[in-house]
$ cat model.pdb   # PDB, C-alpha atoms and all ligand atoms
ATOM      1  CA  MET A1217     -39.117   1.630 -24.080
ATOM      2  CA  ARG A1218     -38.658  -2.083 -24.571
ATOM      3  CA  ASN A1219     -37.195  -4.673 -26.969
ATOM      4  CA  PHE A1220     -33.601  -3.475 -26.543
ATOM      5  CA  SER A1221     -30.885  -4.769 -28.821
ATOM      6  CA  GLU A1222     -27.161  -5.084 -28.338
ATOM      7  CA  THR A1223     -26.770  -1.655 -29.908
ATOM      8  CA  THR A1224     -29.628   0.211 -28.178
ATOM      9  CA  ILE A1225     -29.423  -1.012 -24.567
ATOM     10  CA  THR A1226     -26.484   1.188 -23.509
ATOM     11  CA  ASP A1227     -28.212   4.428 -24.563
ATOM     12  CA  ALA A1228     -31.405   3.228 -22.907
ATOM     13  CA  VAL A1229     -29.647   2.770 -19.557
ATOM     14  CA  LEU A1230     -27.851   6.121 -19.909
ATOM     15  CA  GLU A1231     -31.166   7.813 -20.601
ATOM     16  CA  ARG A1232     -32.732   6.114 -17.551
ATOM     17  CA  ILE A1233     -30.077   7.577 -15.206
ATOM     18  CA  GLN A1234     -29.965  11.054 -16.698
ATOM     19  CA  ASP A1235     -31.848  12.603 -13.763
ATOM     20  CA  THR A1236     -29.109  11.612 -11.279
ATOM     21  CA  GLY A1237     -28.976  14.766  -9.133
ATOM     22  CA  ASN A1238     -25.342  14.923  -8.067
ATOM     23  CA  PRO A1239     -23.204  15.767 -11.159
ATOM     24  CA  ARG A1240     -20.174  13.782  -9.930
ATOM     25  CA  ILE A1241     -22.299  10.712  -9.152
ATOM     26  CA  LYS A1242     -23.946  11.108 -12.579
ATOM     27  CA  GLN A1243     -20.541  11.218 -14.305
ATOM     28  CA  ILE A1244     -19.327   8.136 -12.401
ATOM     29  CA  ASN A1245     -22.533   6.175 -13.086
ATOM     30  CA  GLU A1246     -22.545   7.036 -16.787
ATOM     31  CA  ALA A1247     -18.903   6.003 -17.156
ATOM     32  CA  LEU A1248     -19.605   2.784 -15.255
ATOM     33  CA  VAL A1249     -22.476   1.876 -17.599
ATOM     34  CA  ARG A1250     -20.506   2.758 -20.762
ATOM     35  CA  HIS A1251     -17.383   0.826 -19.720
ATOM     36  CA  LEU A1252     -19.291  -2.155 -18.303
ATOM     37  CA  HIS A1253     -21.307  -2.512 -21.489
ATOM     38  CA  ALA A1254     -18.170  -2.098 -23.632
ATOM     39  CA  PHE A1255     -16.511  -4.866 -21.576
ATOM     40  CA  VAL A1256     -19.454  -7.204 -22.121
ATOM     41  CA  ARG A1257     -19.565  -6.394 -25.845
ATOM     42  CA  GLU A1258     -15.832  -7.102 -26.166
ATOM     43  CA  VAL A1259     -15.769 -10.297 -24.081
ATOM     44  CA  ARG A1260     -19.162 -11.665 -25.232
ATOM     45  CA  PRO A1261     -19.459 -13.930 -22.140
ATOM     46  CA  THR A1262     -21.610 -17.032 -22.199
ATOM     47  CA  GLN A1263     -24.392 -17.095 -19.591
ATOM     48  CA  LYS A1264     -22.266 -19.550 -17.589
ATOM     49  CA  GLU A1265     -19.189 -17.294 -17.712
ATOM     50  CA  TRP A1266     -21.241 -14.325 -16.509
ATOM     51  CA  GLU A1267     -22.499 -16.391 -13.560
ATOM     52  CA  GLN A1268     -18.894 -17.370 -12.787
ATOM     53  CA  GLY A1269     -17.943 -13.687 -12.778
ATOM     54  CA  ILE A1270     -20.776 -12.878 -10.350
ATOM     55  CA  ASP A1271     -19.739 -15.836  -8.189
ATOM     56  CA  PHE A1272     -16.096 -14.597  -8.156
ATOM     57  CA  LEU A1273     -17.186 -11.144  -6.919
ATOM     58  CA  THR A1274     -19.591 -12.691  -4.386
ATOM     59  CA  ARG A1275     -16.802 -14.834  -2.944
ATOM     60  CA  THR A1276     -14.525 -11.787  -2.885
ATOM     61  CA  GLY A1277     -17.107  -9.992  -0.739
ATOM     62  CA  HIS A1278     -17.602 -12.983   1.553
ATOM     63  CA  MET A1279     -13.832 -13.129   2.138
ATOM     64  CA  CYS A1280     -13.847  -9.603   3.601
ATOM     65  CA  ASN A1281     -13.936  -9.077   7.355
ATOM     66  CA  ASP A1282     -12.262  -6.738   9.852
ATOM     67  CA  LYS A1283      -8.888  -8.472   9.239
ATOM     68  CA  ARG A1284      -9.048  -9.230   5.535
ATOM     69  CA  GLN A1285     -10.033  -6.890   2.687
ATOM     70  CA  GLU A1286     -10.154  -9.006  -0.439
ATOM     71  CA  PHE A1287     -11.579  -6.192  -2.602
ATOM     72  CA  ILE A1288      -8.577  -3.965  -1.831
ATOM     73  CA  LEU A1289      -6.307  -6.896  -2.670
ATOM     74  CA  LEU A1290      -8.132  -7.335  -5.976
ATOM     75  CA  SER A1291      -7.809  -3.613  -6.736
ATOM     76  CA  ASP A1292      -4.096  -3.732  -5.787
ATOM     77  CA  THR A1293      -3.256  -6.793  -7.899
ATOM     78  CA  LEU A1294      -5.140  -5.424 -10.916
ATOM     79  CA  GLY A1295      -3.070  -2.227 -10.733
ATOM     80  CA  ALA A1296      -6.166  -0.113 -10.011
ATOM     81  CA  SER A1297      -4.877   1.090  -6.604
ATOM     82  CA  MET A1298      -1.625   2.333  -8.138
ATOM     83  CA  LEU A1299      -3.535   3.965 -11.021
ATOM     84  CA  VAL A1300      -5.552   5.945  -8.462
ATOM     85  CA  ASP A1301      -2.277   6.732  -6.656
ATOM     86  CA  VAL A1302      -0.593   8.009  -9.827
ATOM     87  CA  ILE A1303      -3.608  10.156 -10.756
ATOM     88  CA  ASN A1304      -3.721  11.765  -7.319
ATOM     89  CA  HIS A1305      -0.018  12.148  -6.513
ATOM     90  CA  GLY A1306       2.054  13.521  -9.383
ATOM     91  CA  ALA A1307       5.825  13.576  -8.801
ATOM     92  CA  GLN A1308       7.000  16.891  -7.315
ATOM     93  CA  LYS A1309      10.523  18.036  -6.479
ATOM     94  CA  GLY A1310      11.313  17.656  -2.788
ATOM     95  CA  VAL A1311       8.178  15.566  -2.128
ATOM     96  CA  THR A1312       8.520  11.832  -1.451
ATOM     97  CA  GLU A1313       6.559   9.642  -3.858
ATOM     98  CA  THR A1314       3.604   7.648  -2.583
ATOM     99  CA  THR A1315       2.591   4.017  -2.926
ATOM    100  CA  VAL A1316      -0.176   1.660  -1.749
ATOM    101  CA  LEU A1317      -1.263   1.605   1.900
ATOM    102  CA  GLY A1318      -1.828  -2.152   1.930
ATOM    103  CA  PRO A1319      -3.995  -4.044   4.416
ATOM    104  CA  PHE A1320      -1.599  -4.276   7.382
ATOM    105  CA  PHE A1321      -1.762  -0.714   8.741
ATOM    106  CA  VAL A1322      -3.081  -0.560  12.317
ATOM    107  CA  GLU A1323      -4.591   2.719  13.542
ATOM    108  CA  ALA A1324      -3.640   2.205  17.184
ATOM    109  CA  ALA A1325       0.070   1.401  16.800
ATOM    110  CA  PRO A1326       2.086   1.702  20.042
ATOM    111  CA  ASP A1327       3.701   5.088  20.665
ATOM    112  CA  LYS A1328       7.481   4.689  20.928
ATOM    113  CA  ALA A1329      10.378   6.999  21.780
ATOM    114  CA  LEU A1330      13.023   7.829  19.180
ATOM    115  CA  GLY A1331      15.760   5.203  19.262
ATOM    116  CA  ASP A1332      13.504   2.443  20.639
ATOM    117  CA  ASP A1333      13.713  -1.119  19.365
ATOM    118  CA  ILE A1334      10.305  -2.028  17.914
ATOM    119  CA  SER A1335      11.138  -5.628  16.917
ATOM    120  CA  GLY A1336       9.128  -6.967  19.861
ATOM    121  CA  GLY A1337      11.739  -9.695  20.267
ATOM    122  CA  MET A1338      11.193 -11.114  16.765
ATOM    123  CA  VAL A1339      14.214 -12.989  15.440
ATOM    124  CA  GLY A1340      16.060 -11.452  12.498
ATOM    125  CA  ASP A1341      18.948  -9.280  11.354
ATOM    126  CA  PRO A1342      19.097  -6.091  13.448
ATOM    127  CA  MET A1343      18.267  -2.970  11.462
ATOM    128  CA  ILE A1344      18.553   0.680  12.394
ATOM    129  CA  VAL A1345      16.394   3.137  10.481
ATOM    130  CA  THR A1346      17.315   6.816  10.481
ATOM    131  CA  GLY A1347      15.989   9.753   8.511
ATOM    132  CA  SER A1348      14.314  13.101   8.476
ATOM    133  CA  VAL A1349      11.066  14.793   7.534
ATOM    134  CA  SER A1350      11.125  18.147   5.789
ATOM    135  CA  SER A1351       9.141  20.460   3.520
ATOM    136  CA  PRO A1352      10.031  20.613  -0.224
ATOM    137  CA  ASP A1353      12.373  23.565   0.439
ATOM    138  CA  GLY A1354      14.292  21.465   2.985
ATOM    139  CA  LYS A1355      12.904  23.008   6.201
ATOM    140  CA  PRO A1356      12.738  20.347   8.951
ATOM    141  CA  ILE A1357       9.228  19.473  10.129
ATOM    142  CA  ALA A1358       9.569  19.157  13.901
ATOM    143  CA  ASN A1359       7.328  16.678  15.683
ATOM    144  CA  ALA A1360       5.946  15.047  12.466
ATOM    145  CA  THR A1361       3.997  11.877  13.294
ATOM    146  CA  ILE A1362       5.663   8.828  11.746
ATOM    147  CA  ASP A1363       3.857   5.478  11.619
ATOM    148  CA  VAL A1364       6.058   2.551  10.559
ATOM    149  CA  TRP A1365       5.245  -1.116  10.022
ATOM    150  CA  HIS A1366       6.979  -4.005   8.296
ATOM    151  CA  SER A1367       7.110  -7.778   7.991
ATOM    152  CA  ASP A1368       9.375 -10.169   9.885
ATOM    153  CA  ASP A1369      12.251 -12.256   8.627
ATOM    154  CA  ASP A1370       9.789 -14.775   7.139
ATOM    155  CA  GLY A1371       7.616 -12.152   5.456
ATOM    156  CA  TYR A1372       4.752 -12.115   7.975
ATOM    157  CA  TYR A1373       3.242  -9.082   9.676
ATOM    158  CA  ASP A1374       2.422  -9.149  13.401
ATOM    159  CA  VAL A1375      -1.325  -9.053  12.677
ATOM    160  CA  GLN A1376      -1.022 -12.270  10.646
ATOM    161  CA  GLN A1377       0.428 -14.169  13.608
ATOM    162  CA  LEU A1378      -1.061 -12.527  16.713
ATOM    163  CA  ASP A1379      -2.124 -15.908  18.117
ATOM    164  CA  LYS A1380       1.540 -16.993  17.961
ATOM    165  CA  ILE A1381       3.373 -13.810  19.062
ATOM    166  CA  GLY A1382       0.659 -12.398  21.362
ATOM    167  CA  ASP A1383       1.187  -8.680  20.707
ATOM    168  CA  LEU A1384       1.854  -6.083  18.021
ATOM    169  CA  ALA A1385       5.487  -5.953  16.874
ATOM    170  CA  MET A1386       7.538  -4.347  14.120
ATOM    171  CA  ARG A1387       5.225  -1.366  14.113
ATOM    172  CA  ALA A1388       5.125   1.899  16.042
ATOM    173  CA  ARG A1389       4.234   5.564  16.013
ATOM    174  CA  PHE A1390       7.092   8.052  16.503
ATOM    175  CA  HIS A1391       7.403  11.811  16.565
ATOM    176  CA  ALA A1392      10.303  13.468  14.778
ATOM    177  CA  ASP A1393      12.558  15.622  16.947
ATOM    178  CA  GLN A1394      12.999  19.404  16.698
ATOM    179  CA  ASN A1395      15.238  18.940  13.627
ATOM    180  CA  GLY A1396      12.662  16.720  11.908
ATOM    181  CA  GLN A1397      14.870  13.678  12.520
ATOM    182  CA  PHE A1398      13.937  10.178  13.633
ATOM    183  CA  ARG A1399      15.634   6.838  14.370
ATOM    184  CA  PHE A1400      14.587   3.400  15.573
ATOM    185  CA  TRP A1401      15.759  -0.215  15.661
ATOM    186  CA  SER A1402      13.974  -3.291  14.377
ATOM    187  CA  ILE A1403      14.750  -6.347  12.237
ATOM    188  CA  LYS A1404      15.287  -6.342   8.484
ATOM    189  CA  PRO A1405      12.040  -7.269   6.670
ATOM    190  CA  ALA A1406      11.785  -9.995   4.029
ATOM    191  CA  ALA A1407       9.854 -10.241   0.753
ATOM    192  CA  TYR A1408       6.444 -11.863   1.151
ATOM    193  CA  PRO A1409       3.471 -13.146  -0.829
ATOM    194  CA  VAL A1410       0.196 -11.227  -0.436
ATOM    195  CA  PRO A1411      -2.620 -13.431   0.926
ATOM    196  CA  HIS A1412      -3.431 -15.734  -2.000
ATOM    197  CA  ASP A1413      -5.769 -18.324  -0.488
ATOM    198  CA  GLY A1414      -8.893 -16.548  -1.808
ATOM    199  CA  PRO A1415     -10.390 -15.327  -5.103
ATOM    200  CA  THR A1416      -7.447 -12.942  -5.744
ATOM    201  CA  GLY A1417      -5.055 -15.898  -5.426
ATOM    202  CA  GLU A1418      -7.192 -17.874  -7.902
ATOM    203  CA  MET A1419      -7.001 -14.962 -10.322
ATOM    204  CA  LEU A1420      -3.212 -14.649  -9.963
ATOM    205  CA  GLU A1421      -2.792 -18.350 -10.600
ATOM    206  CA  ALA A1422      -5.040 -18.246 -13.678
ATOM    207  CA  GLN A1423      -2.976 -15.298 -14.953
ATOM    208  CA  GLY A1424       0.270 -17.209 -14.358
ATOM    209  CA  ARG A1425       1.516 -14.606 -11.851
ATOM    210  CA  HIS A1426       3.368 -14.957  -8.554
ATOM    211  CA  PRO A1427       1.913 -13.293  -5.424
ATOM    212  CA  TRP A1428       5.154 -11.726  -4.089
ATOM    213  CA  ARG A1429       6.034  -8.217  -2.939
ATOM    214  CA  PRO A1430       9.649  -7.079  -2.604
ATOM    215  CA  ALA A1431      10.849  -6.467   0.988
ATOM    216  CA  HIS A1432       9.942  -3.012   2.286
ATOM    217  CA  VAL A1433       9.234  -0.838   5.319
ATOM    218  CA  HIS A1434       5.930   1.096   5.349
ATOM    219  CA  PHE A1435       5.773   4.744   6.421
ATOM    220  CA  MET A1436       2.772   6.998   7.008
ATOM    221  CA  ILE A1437       3.856  10.522   7.893
ATOM    222  CA  SER A1438       1.602  13.413   8.940
ATOM    223  CA  ALA A1439       2.117  16.950  10.144
ATOM    224  CA  PRO A1440      -0.231  19.940  10.400
ATOM    225  CA  GLY A1441      -0.223  21.962   7.156
ATOM    226  CA  TYR A1442       0.998  19.033   5.012
ATOM    227  CA  GLU A1443      -0.657  16.252   3.047
ATOM    228  CA  GLN A1444      -0.372  12.873   4.721
ATOM    229  CA  LEU A1445       2.328  10.778   3.045
ATOM    230  CA  VAL A1446       1.672   7.027   2.576
ATOM    231  CA  THR A1447       4.655   5.196   1.188
ATOM    232  CA  HIS A1448       7.241   2.414   1.606
ATOM    233  CA  VAL A1449      11.006   2.160   1.269
ATOM    234  CA  PHE A1450      12.050  -0.951  -0.669
ATOM    235  CA  VAL A1451      15.220  -2.989  -0.124
ATOM    236  CA  ALA A1452      17.602  -2.439  -3.066
ATOM    237  CA  GLY A1453      18.490  -5.644  -4.906
ATOM    238  CA  ASP A1454      15.296  -7.516  -3.961
ATOM    239  CA  LYS A1455      14.431  -9.988  -6.696
ATOM    240  CA  TYR A1456      10.776  -8.879  -6.851
ATOM    241  CA  LEU A1457      11.381  -5.155  -7.453
ATOM    242  CA  ASP A1458      10.406  -5.491 -11.130
ATOM    243  CA  SER A1459       7.467  -7.823 -10.591
ATOM    244  CA  ASP A1460       5.804  -6.507  -7.417
ATOM    245  CA  VAL A1461       2.365  -8.143  -7.478
ATOM    246  CA  VAL A1462       0.701  -4.798  -6.628
ATOM    247  CA  PHE A1463       2.803  -2.624  -9.005
ATOM    248  CA  GLY A1464       3.874  -0.419  -6.076
ATOM    249  CA  VAL A1465       7.606   0.077  -6.741
ATOM    250  CA  LYS A1466       9.002   3.481  -7.758
ATOM    251  CA  ASP A1467      12.747   4.026  -8.270
ATOM    252  CA  SER A1468      12.841   6.908  -5.791
ATOM    253  CA  LEU A1469      11.603   4.574  -3.023
ATOM    254  CA  ILE A1470      14.409   2.005  -3.357
ATOM    255  CA  ARG A1471      17.309   2.251  -0.903
ATOM    256  CA  GLU A1472      20.322   0.194   0.019
ATOM    257  CA  PHE A1473      19.876  -1.395   3.458
ATOM    258  CA  VAL A1474      23.613  -1.217   4.140
ATOM    259  CA  ARG A1475      25.200  -4.106   6.053
ATOM    260  CA  HIS A1476      27.675  -3.107   8.799
ATOM    261  CA  GLU A1477      30.062  -5.170  10.896
ATOM    262  CA  PRO A1478      29.706  -4.946  14.711
ATOM    263  CA  GLY A1479      30.718  -1.564  16.117
ATOM    264  CA  GLN A1480      29.290   1.824  16.893
ATOM    265  CA  ALA A1481      25.914   2.324  15.154
ATOM    266  CA  PRO A1482      24.741   5.699  13.753
ATOM    267  CA  ASP A1483      22.821   6.445  16.982
ATOM    268  CA  GLY A1484      25.983   5.939  19.056
ATOM    269  CA  ARG A1485      24.880   2.548  20.380
ATOM    270  CA  THR A1486      27.464  -0.238  20.414
ATOM    271  CA  GLN A1487      26.188  -3.118  18.311
ATOM    272  CA  ASN A1488      27.785  -6.507  19.024
ATOM    273  CA  THR A1489      26.474  -8.289  15.911
ATOM    274  CA  PRO A1490      26.327  -7.253  12.255
ATOM    275  CA  TYR A1491      23.398  -4.942  11.477
ATOM    276  CA  TYR A1492      21.730  -3.164   8.561
ATOM    277  CA  HIS A1493      21.250   0.580   8.218
ATOM    278  CA  LEU A1494      18.460   2.239   6.226
ATOM    279  CA  ASN A1495      18.482   6.031   5.924
ATOM    280  CA  TYR A1496      15.673   7.886   4.157
ATOM    281  CA  ASP A1497      14.907  11.596   4.102
ATOM    282  CA  PHE A1498      11.205  12.267   3.482
ATOM    283  CA  GLY A1499       9.668  15.370   1.923
ATOM    284  CA  LEU A1500       6.042  16.292   2.644
ATOM    285  CA  LYS A1501       3.794  18.262   0.312
ATOM    286  CA  PRO A1502       2.187  21.399   1.775
ATOM    287  CA  ASP A1503      -1.554  20.976   2.153
ATOM    288  CA  LYS A1504      -3.592  22.811  -0.515
ATOM    289  CA  ALA A1505      -5.771  24.495   2.123
ATOM    290  CA  ALA A1506      -2.718  25.536   4.179
ATOM    291  CA  SER A1507      -0.934  26.973   1.088
ATOM    292  CA  ARG A1508      -4.065  28.999   0.192
ATOM    293  CA  ALA A1509      -4.268  30.437   3.718
ATOM    294  CA  ALA A1510      -0.570  31.440   3.721
TER     295      ALA A1510
HETATM  296  C1  LIG B1601       1.573  -4.493   1.875
HETATM  297  O1  LIG B1601       2.600  -4.025   1.468
HETATM  298  O2  LIG B1601       1.460  -4.626   3.079
HETATM  299  C2  LIG B1601       0.500  -4.906   0.900
HETATM  300  C3  LIG B1601       0.099  -4.032  -0.083
HETATM  301  C4  LIG B1601      -0.903  -4.418  -0.965
HETATM  302  C5  LIG B1601      -1.474  -5.672  -0.865
HETATM  303  C6  LIG B1601      -1.054  -6.547   0.128
HETATM  304  C7  LIG B1601      -0.049  -6.171   1.018
HETATM  305 FE    FE B1602       3.826  -4.482   3.181
END
$ encode --input "model.pdb" --output "structure tokens" --more "lines below"
Ligand code: BEZ
Ligand code: FE
Amino acid sequence: MRNFSETTITDAVLERIQDTGNPRIKQINEALVRHLHAFVREVRPTQKEWEQGIDFLTRTGHMCNDKRQEFILLSDTLGASMLVDVINHGAQKGVTETTVLGPFFVEAAPDKALGDDISGGMVGDPMIVTGSVSSPDGKPIANATIDVWHSDDDGYYDVQQLDKIGDLAMRARFHADQNGQFRFWSIKPAAYPVPHDGPTGEMLEAQGRHPWRPAHVHFMISAPGYEQLVTHVFVAGDKYLDSDVVFGVKDSLIREFVRHEPGQAPDGRTQNTPYYHLNYDFGLKPDKAASRAA
């Protein structure tokens, strides 16, 4: 076959890939070809514009390294990450809603004891976080693994300023107690712009968008027999809640970080300066495999 026209080329490509062995890969490849061709037909790019598009994606790839994932940022800011999230995690009673993982999770976060201060000496408003982990029917999940991480008072994560602060801070791994409860101290996080000094930043600027995320604390919670929960809790009242650059906000994930005057904190500790208190009770979804076995 040769001499393809605007109307025959799509079918020609689809025919060429029809022997793709794996049915799922075949479905994905066919959809990719159909949607890519439809995009080109709709946009009708000039040759120069097409080259600019290729150059944009090439620069996106070159920007990626072990500390920076520009493709994830592009997916996040185009709403694709949250679309995948919504497709895979329907709302369910008693199960905490999910949101994007983001690029600042660190696999080897320091293990900390319940009640520890994880601020690493960073300056900011003291914050105590308390909460629980349970199954949808309210049964506590003892010993659940709880990873937490958040930004500092200026909106920077530890990994963005390691040369300045020297060590990981404002992140830790905890284990819930026998009643599924947890508590720790840190500093209250601030809103921050996602990295916007690369191709994603160029795109945001061209689209007339700001790069900000509302202040939040990240949680990743796992326990045997349950699906891993990846989520954040957002600070109520933040001015970016309705324009989060990565579309990650859900009403159920917004909480008041309540300001308290000095006095006895919820963990019994005497706090000499004002502090904030966040409480959040998490619900985990039973694993499909575990529910089948039961
Ligand atoms: C974050 O919340 O850490 C984040 C999420 C998506 C893109 C950039 C940052
Ligand atoms: Fe974040």
$ closest_atom_pairs --input "model.pdb" --of "chain A" --to "ligand FE 1602 (chain B)" --cutoff "9 Å" --atoms "all atoms listed in the file" --output "tab-separated table"
residue	atom	partner	partner_atom	distance
A:Val1316	CA	B:FE1602	FE	8.8
A:Leu1317	CA	B:FE1602	FE	8.0
A:Gly1318	CA	B:FE1602	FE	6.2
A:Pro1319	CA	B:FE1602	FE	7.9
A:Phe1320	CA	B:FE1602	FE	6.9
A:Phe1321	CA	B:FE1602	FE	8.7
A:Trp1365	CA	B:FE1602	FE	7.8
A:His1366	CA	B:FE1602	FE	6.0
A:Ser1367	CA	B:FE1602	FE	6.7
A:Gly1371	CA	B:FE1602	FE	8.9
A:Tyr1373	CA	B:FE1602	FE	8.0
A:Ala1407	CA	B:FE1602	FE	8.7
A:Tyr1408	CA	B:FE1602	FE	8.1
A:Val1410	CA	B:FE1602	FE	8.5
A:Arg1429	CA	B:FE1602	FE	7.5
A:Pro1430	CA	B:FE1602	FE	8.6
A:Ala1431	CA	B:FE1602	FE	7.6
A:His1432	CA	B:FE1602	FE	6.4
A:Val1433	CA	B:FE1602	FE	6.9
A:His1434	CA	B:FE1602	FE	6.3
A:His1448	CA	B:FE1602	FE	7.9
$ axis_aligned_box --input "model.pdb" --around "ligand LIG 1601 (chain B)" --padding-each-side "8 Å" --output "AutoDock Vina command-line options"
--center_x 0.6 --center_y -5.3 --center_z 1.1 --size_x 20.1 --size_y 18.5 --size_z 20.0
$ atom_distance --input "model.pdb" --atom1 "CA of Asp1368 (chain A)" --atom2 "CA of His1493 (chain A)"
16.1 Å
$ residues_around --input "model.pdb" --residues "Leu1384 (chain A)" --least-positions-apart "6" --cutoff "9 Å" --atoms "all atoms listed in the file" --output "PyMOL selection string"
chain A and resi 1325-1326+1336+1373-1375+1378
$ resolve_selection --input "model.pdb" --expression "the PyMOL selection byres (((chain A and resi 1403) around 10) and not hetatm)" --output "MDAnalysis selection string"
chainID A and resid 1333:1345 1366:1369 1386 1401:1402 1404:1406 1491:1492
$ closest_residue --input "model.pdb" --among "A:Ala1452, A:Leu1248, A:Ala1422, A:Ile1288" --to "Lys1466 (chain A)" --atoms "all atoms listed in the file"
A:Ala1452
$ atom_distance --input "model.pdb" --atom1 "CA of Glu1313 (chain A)" --atom2 "CA of Ser1468 (chain A)"
7.1 Å
$ closest_residue --input "model.pdb" --among "A:Glu1286, A:Asp1413, A:Asp1370, A:Asp1503" --to "ligand LIG 1601 (chain B)" --atoms "all atoms listed in the file"
A:Glu1286
$ closest_residue --input "model.pdb" --among "A:Glu1267, A:Glu1258, A:Asp1292, A:Asp1327" --to "ligand LIG 1601 (chain B)" --atoms "all atoms listed in the file"
A:Asp1292
